[in-house]
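Peer 1: I have a structure here, written as structure tokens, and I will follow up with some questions on it.
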Amino acid sequence: MPQENLITKKEAIKLIEIPEKDFKNYHEFSEEIKGRQINRRWYFDKNDLIIWKSLKENRTINLSIEEYEVCFEFAIKMVYGGLSLNGIRGQRTEVQAADDVILGILAEHAIKTFLHKKFSTDIKLDEKVHPEEITPQDFDQIRDKGVFRRPKLGVGVKASKMKNAFLVLGSNEFELPERKSDVYIFARVGLPSDHLFRILRGHSFFGKVRKFLDEHVNFKKILKIEKIPVWICGFAYAEELEKVTSIPGQEFSNGHRYVKSVGKLHNSDKDWKDLIRKL
């Protein structure tokens with residue numbers, strides 16, 4: 001990278017407009033942001049960062065509040081329909097389970113929109129509520145020459161919060177034949193942790209507390225949600241996943257996982273077009 005294009009970490013974060021913690025993860029863990037160390041300080045190529053930011057914006061779908069409501073309704077139906085409350089972190093409450101489920105549903109809806117807008121490809125999702133069984137494939141049908149048919153490849157969608165740097169699959173997801181997919185699409189979902197409070201902020205139940213928070217300078221506010229950004233980071237074929245017991249910043253104490261860093265996912269227009277042809 002030319003010396004004259006180099007900028008500091010602080011300048012890089014300001015340029016691409018992401019939180020410092022996310023920048024650290026994307027640089028050190030997923031290595032999707034490249035840098036050069038000079039005299040123990042990191043520098044980054046300005047042009048590379050502009051390209052990275054442009055791709056991020058091109059791969060981000062902003063879901064509306066109406067779309068969020070549809071996804072959250074589906075998540076609640078799943079939880080109250082018998083979805084297991086046992087999670088990776090132990091026993092979950094209904095609210096925690098719905099919070100886990102909605103990320104994946106939002107990602108699926110965003111990917112559907114992404115494929116239609118960017119590549120004129122229409123898919124149908126499995127939108128039936130059947131919490132008693134795990135649906136292994138997230139693409140139910142794909143339009144081919146004007147007619148919908150079953151995809152030739154099984155597609156799984158994995159979602160996480162914005163800070164995460166790896167696509168991660170549990171051992172059962174990958175090793176059980178009835179659950180394994182041929183390709184996995186990964187998306188980062190910008191859903192605020194207090195999203196339910198934000199949606200209900202106008203309800204009379206929140207009237208007094210909102211007034212209190214608004215009147216006190218040192219208290220956080222219950223903000224309004226305008227949109228839900230979903231960043232579609234790319235995909236990996238099943239055979240490309242790596243079997244590991246840890247990833248940078250995290251040890252898997254209860255067994256191994258199958259992973260791929262975001263920096264190694266397929267994400268060019270050509271990659272997506274090749275995948276669509278295989279579907």
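Residues in the structure tokens are named by chain (A, B, ... in the order shown) and by number from 1 within that chain; ligands are numbered from 1 in the order shown.
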May I have all residues of range 105-251 of chain A that DSSP, computed from the backbone, assigns to alpha helix (DSSP H), given as an mmCIF file with N, CA and C atoms, in the first residue's frame?

Peer 2:
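Saved file part32.cif follows:
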```
data_model
loop_
_atom_site.group_PDB
_atom_site.id
_atom_site.type_symbol
_atom_site.label_atom_id
_atom_site.label_comp_id
_atom_site.auth_asym_id
_atom_site.auth_seq_id
_atom_site.Cartn_x
_atom_site.Cartn_y
_atom_site.Cartn_z
ATOM 1 N N ILE A 105 -34.476 -14.581 11.603
ATOM 2 C CA ILE A 105 -35.627 -14.278 10.750
ATOM 3 C C ILE A 105 -35.410 -12.960 10.009
ATOM 4 N N LEU A 106 -34.897 -11.957 10.710
ATOM 5 C CA LEU A 106 -34.578 -10.681 10.056
ATOM 6 C C LEU A 106 -33.550 -10.881 8.949
ATOM 7 N N ALA A 107 -32.526 -11.710 9.213
ATOM 8 C CA ALA A 107 -31.498 -11.975 8.206
ATOM 9 C C ALA A 107 -32.100 -12.650 6.973
ATOM 10 N N GLU A 108 -32.984 -13.615 7.173
ATOM 11 C CA GLU A 108 -33.614 -14.304 6.050
ATOM 12 C C GLU A 108 -34.398 -13.333 5.176
ATOM 13 N N HIS A 109 -35.178 -12.460 5.796
ATOM 14 C CA HIS A 109 -35.971 -11.489 5.037
ATOM 15 C C HIS A 109 -35.073 -10.516 4.280
ATOM 16 N N ALA A 110 -33.968 -10.104 4.914
ATOM 17 C CA ALA A 110 -33.047 -9.183 4.252
ATOM 18 C C ALA A 110 -32.360 -9.850 3.055
ATOM 19 N N ILE A 111 -31.974 -11.108 3.200
ATOM 20 C CA ILE A 111 -31.326 -11.835 2.101
ATOM 21 C C ILE A 111 -32.290 -12.010 0.932
ATOM 22 N N LYS A 112 -33.534 -12.265 1.240
ATOM 23 C CA LYS A 112 -34.561 -12.366 0.188
ATOM 24 C C LYS A 112 -34.637 -11.060 -0.604
ATOM 25 N N THR A 113 -34.653 -9.931 0.104
ATOM 26 C CA THR A 113 -34.695 -8.622 -0.549
ATOM 27 C C THR A 113 -33.412 -8.352 -1.316
ATOM 28 N N PHE A 114 -32.279 -8.699 -0.723
ATOM 29 C CA PHE A 114 -30.972 -8.499 -1.351
ATOM 30 C C PHE A 114 -30.870 -9.233 -2.685
ATOM 31 N N LEU A 115 -31.251 -10.491 -2.710
ATOM 32 C CA LEU A 115 -31.155 -11.276 -3.941
ATOM 33 C C LEU A 115 -32.081 -10.731 -5.029
ATOM 34 N N HIS A 116 -33.227 -10.232 -4.613
ATOM 35 C CA HIS A 116 -34.165 -9.663 -5.587
ATOM 36 C C HIS A 116 -33.639 -8.345 -6.153
ATOM 37 N N LYS A 117 -33.183 -7.453 -5.267
ATOM 38 C CA LYS A 117 -32.743 -6.126 -5.702
ATOM 39 C C LYS A 117 -31.435 -6.163 -6.472
ATOM 40 N N LYS A 118 -30.480 -6.947 -6.000
ATOM 41 C CA LYS A 118 -29.137 -6.919 -6.578
ATOM 42 C C LYS A 118 -28.962 -7.882 -7.751
ATOM 43 N N PHE A 119 -29.681 -9.014 -7.721
ATOM 44 C CA PHE A 119 -29.431 -10.046 -8.729
ATOM 45 C C PHE A 119 -30.708 -10.552 -9.395
ATOM 46 N N SER A 171 -21.909 -28.131 16.385
ATOM 47 C CA SER A 171 -21.574 -29.435 15.815
ATOM 48 C C SER A 171 -22.799 -30.154 15.260
ATOM 49 N N ASN A 172 -23.930 -30.095 15.956
ATOM 50 C CA ASN A 172 -25.141 -30.759 15.477
ATOM 51 C C ASN A 172 -25.633 -30.170 14.163
ATOM 52 N N GLU A 173 -25.504 -28.843 14.030
ATOM 53 C CA GLU A 173 -25.950 -28.189 12.800
ATOM 54 C C GLU A 173 -25.196 -28.696 11.582
ATOM 55 N N PHE A 174 -23.940 -29.067 11.800
ATOM 56 C CA PHE A 174 -23.095 -29.457 10.679
ATOM 57 C C PHE A 174 -23.000 -30.972 10.507
ATOM 58 N N GLU A 175 -23.012 -31.707 11.610
ATOM 59 C CA GLU A 175 -22.721 -33.139 11.551
ATOM 60 C C GLU A 175 -23.950 -34.024 11.367
ATOM 61 N N HIS A 195 -34.510 -3.296 21.660
ATOM 62 C CA HIS A 195 -35.453 -3.065 20.558
ATOM 63 C C HIS A 195 -36.918 -3.158 20.980
ATOM 64 N N LEU A 196 -37.228 -4.065 21.888
ATOM 65 C CA LEU A 196 -38.631 -4.200 22.303
ATOM 66 C C LEU A 196 -39.090 -2.944 23.054
ATOM 67 N N PHE A 197 -38.235 -2.412 23.931
ATOM 68 C CA PHE A 197 -38.565 -1.168 24.630
ATOM 69 C C PHE A 197 -38.763 -0.024 23.638
ATOM 70 N N ARG A 198 -37.915 -0.001 22.615
ATOM 71 C CA ARG A 198 -38.006 1.080 21.623
ATOM 72 C C ARG A 198 -39.311 1.003 20.838
ATOM 73 N N ILE A 199 -39.718 -0.205 20.502
ATOM 74 C CA ILE A 199 -40.965 -0.361 19.762
ATOM 75 C C ILE A 199 -42.155 0.068 20.621
ATOM 76 N N GLY A 207 -44.875 5.834 29.584
ATOM 77 C CA GLY A 207 -44.998 7.282 29.663
ATOM 78 C C GLY A 207 -44.183 7.914 30.773
ATOM 79 N N LYS A 208 -44.345 7.425 32.009
ATOM 80 C CA LYS A 208 -43.660 8.018 33.150
ATOM 81 C C LYS A 208 -42.153 7.820 33.085
ATOM 82 N N VAL A 209 -41.732 6.608 32.744
ATOM 83 C CA VAL A 209 -40.295 6.347 32.720
ATOM 84 C C VAL A 209 -39.615 7.097 31.581
ATOM 85 N N ARG A 210 -40.277 7.226 30.439
ATOM 86 C CA ARG A 210 -39.700 7.999 29.336
ATOM 87 C C ARG A 210 -39.533 9.459 29.734
ATOM 88 N N LYS A 211 -40.530 9.998 30.418
ATOM 89 C CA LYS A 211 -40.462 11.389 30.875
ATOM 90 C C LYS A 211 -39.297 11.562 31.842
ATOM 91 N N PHE A 212 -39.133 10.590 32.738
ATOM 92 C CA PHE A 212 -38.032 10.648 33.707
ATOM 93 C C PHE A 212 -36.691 10.610 32.991
ATOM 94 N N LEU A 213 -36.525 9.656 32.061
ATOM 95 C CA LEU A 213 -35.249 9.515 31.347
ATOM 96 C C LEU A 213 -34.940 10.744 30.516
ATOM 97 N N ASP A 214 -35.956 11.303 29.878
ATOM 98 C CA ASP A 214 -35.753 12.482 29.037
ATOM 99 C C ASP A 214 -35.344 13.704 29.861
ATOM 100 N N GLU A 215 -35.790 13.751 31.104
ATOM 101 C CA GLU A 215 -35.517 14.919 31.954
ATOM 102 C C GLU A 215 -34.189 14.830 32.683
#
```

Peer 1: Where does range 90-205 of chain A meet range 256-267 of chain A within 8 Å, residue by residue, with the nearest atom pair and distance in Å to one decimal for each, counting only C-alpha atoms, listed by chain and rising number, as CSV?

Peer 2:
```
residue,atom,partner,partner_atom,distance
A:Ala165,CA,A:Val262,CA,5.8
A:Phe166,CA,A:Ser261,CA,4.3
A:Leu167,CA,A:Lys260,CA,5.3
A:Val168,CA,A:Val259,CA,4.6
A:Leu169,CA,A:Tyr258,CA,5.1
A:Gly170,CA,A:Arg257,CA,5.1
A:Ser171,CA,A:Arg257,CA,5.5
A:Phe174,CA,A:Tyr258,CA,7.3
```

Peer 1: Between CA of Glu73 in chain A and CA of Thr93 in chain A, what is the distance, to one decimal in Å?

Peer 2: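 About the pair CA of Glu73 in chain A and CA of Thr93 in chain A: they are 16.6 Å apart.
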
Peer 1: As a PyMOL selection string, please: every residue in range 41-229 of chain A that a backbone DSSP assignment puts in strand (DSSP E).

Peer 2: chain A and resi 41-45+60-63+86-87+90-91+123-125+139-144+147-149+155-161+166-170+183-189+228-229

Peer 1: Excluding Lys77 in chain A and residues on its chain fewer than 6 positions from it, collect all residues at most 10 Å away from it, counting only C-alpha atoms, and give them as a list of chain:residue names.

Peer 2: A:Cys71, A:Leu83, A:Ala98, A:Val129, A:His130, A:Pro131

Peer 1: For C-alpha atoms, I'd like the residues from the last selection saved as a tab-separated table (two decimals), in the first residue's frame.

Peer 2:
```
chain	number	residue	atom	x	y	z
A	71	CYS	CA	-40.43	-11.01	11.93
A	83	LEU	CA	-39.67	-23.95	20.74
A	98	ALA	CA	-37.55	-14.61	20.94
A	129	VAL	CA	-44.54	-21.89	12.20
A	130	HIS	CA	-43.38	-25.37	13.26
A	131	PRO	CA	-41.25	-24.92	16.40
```
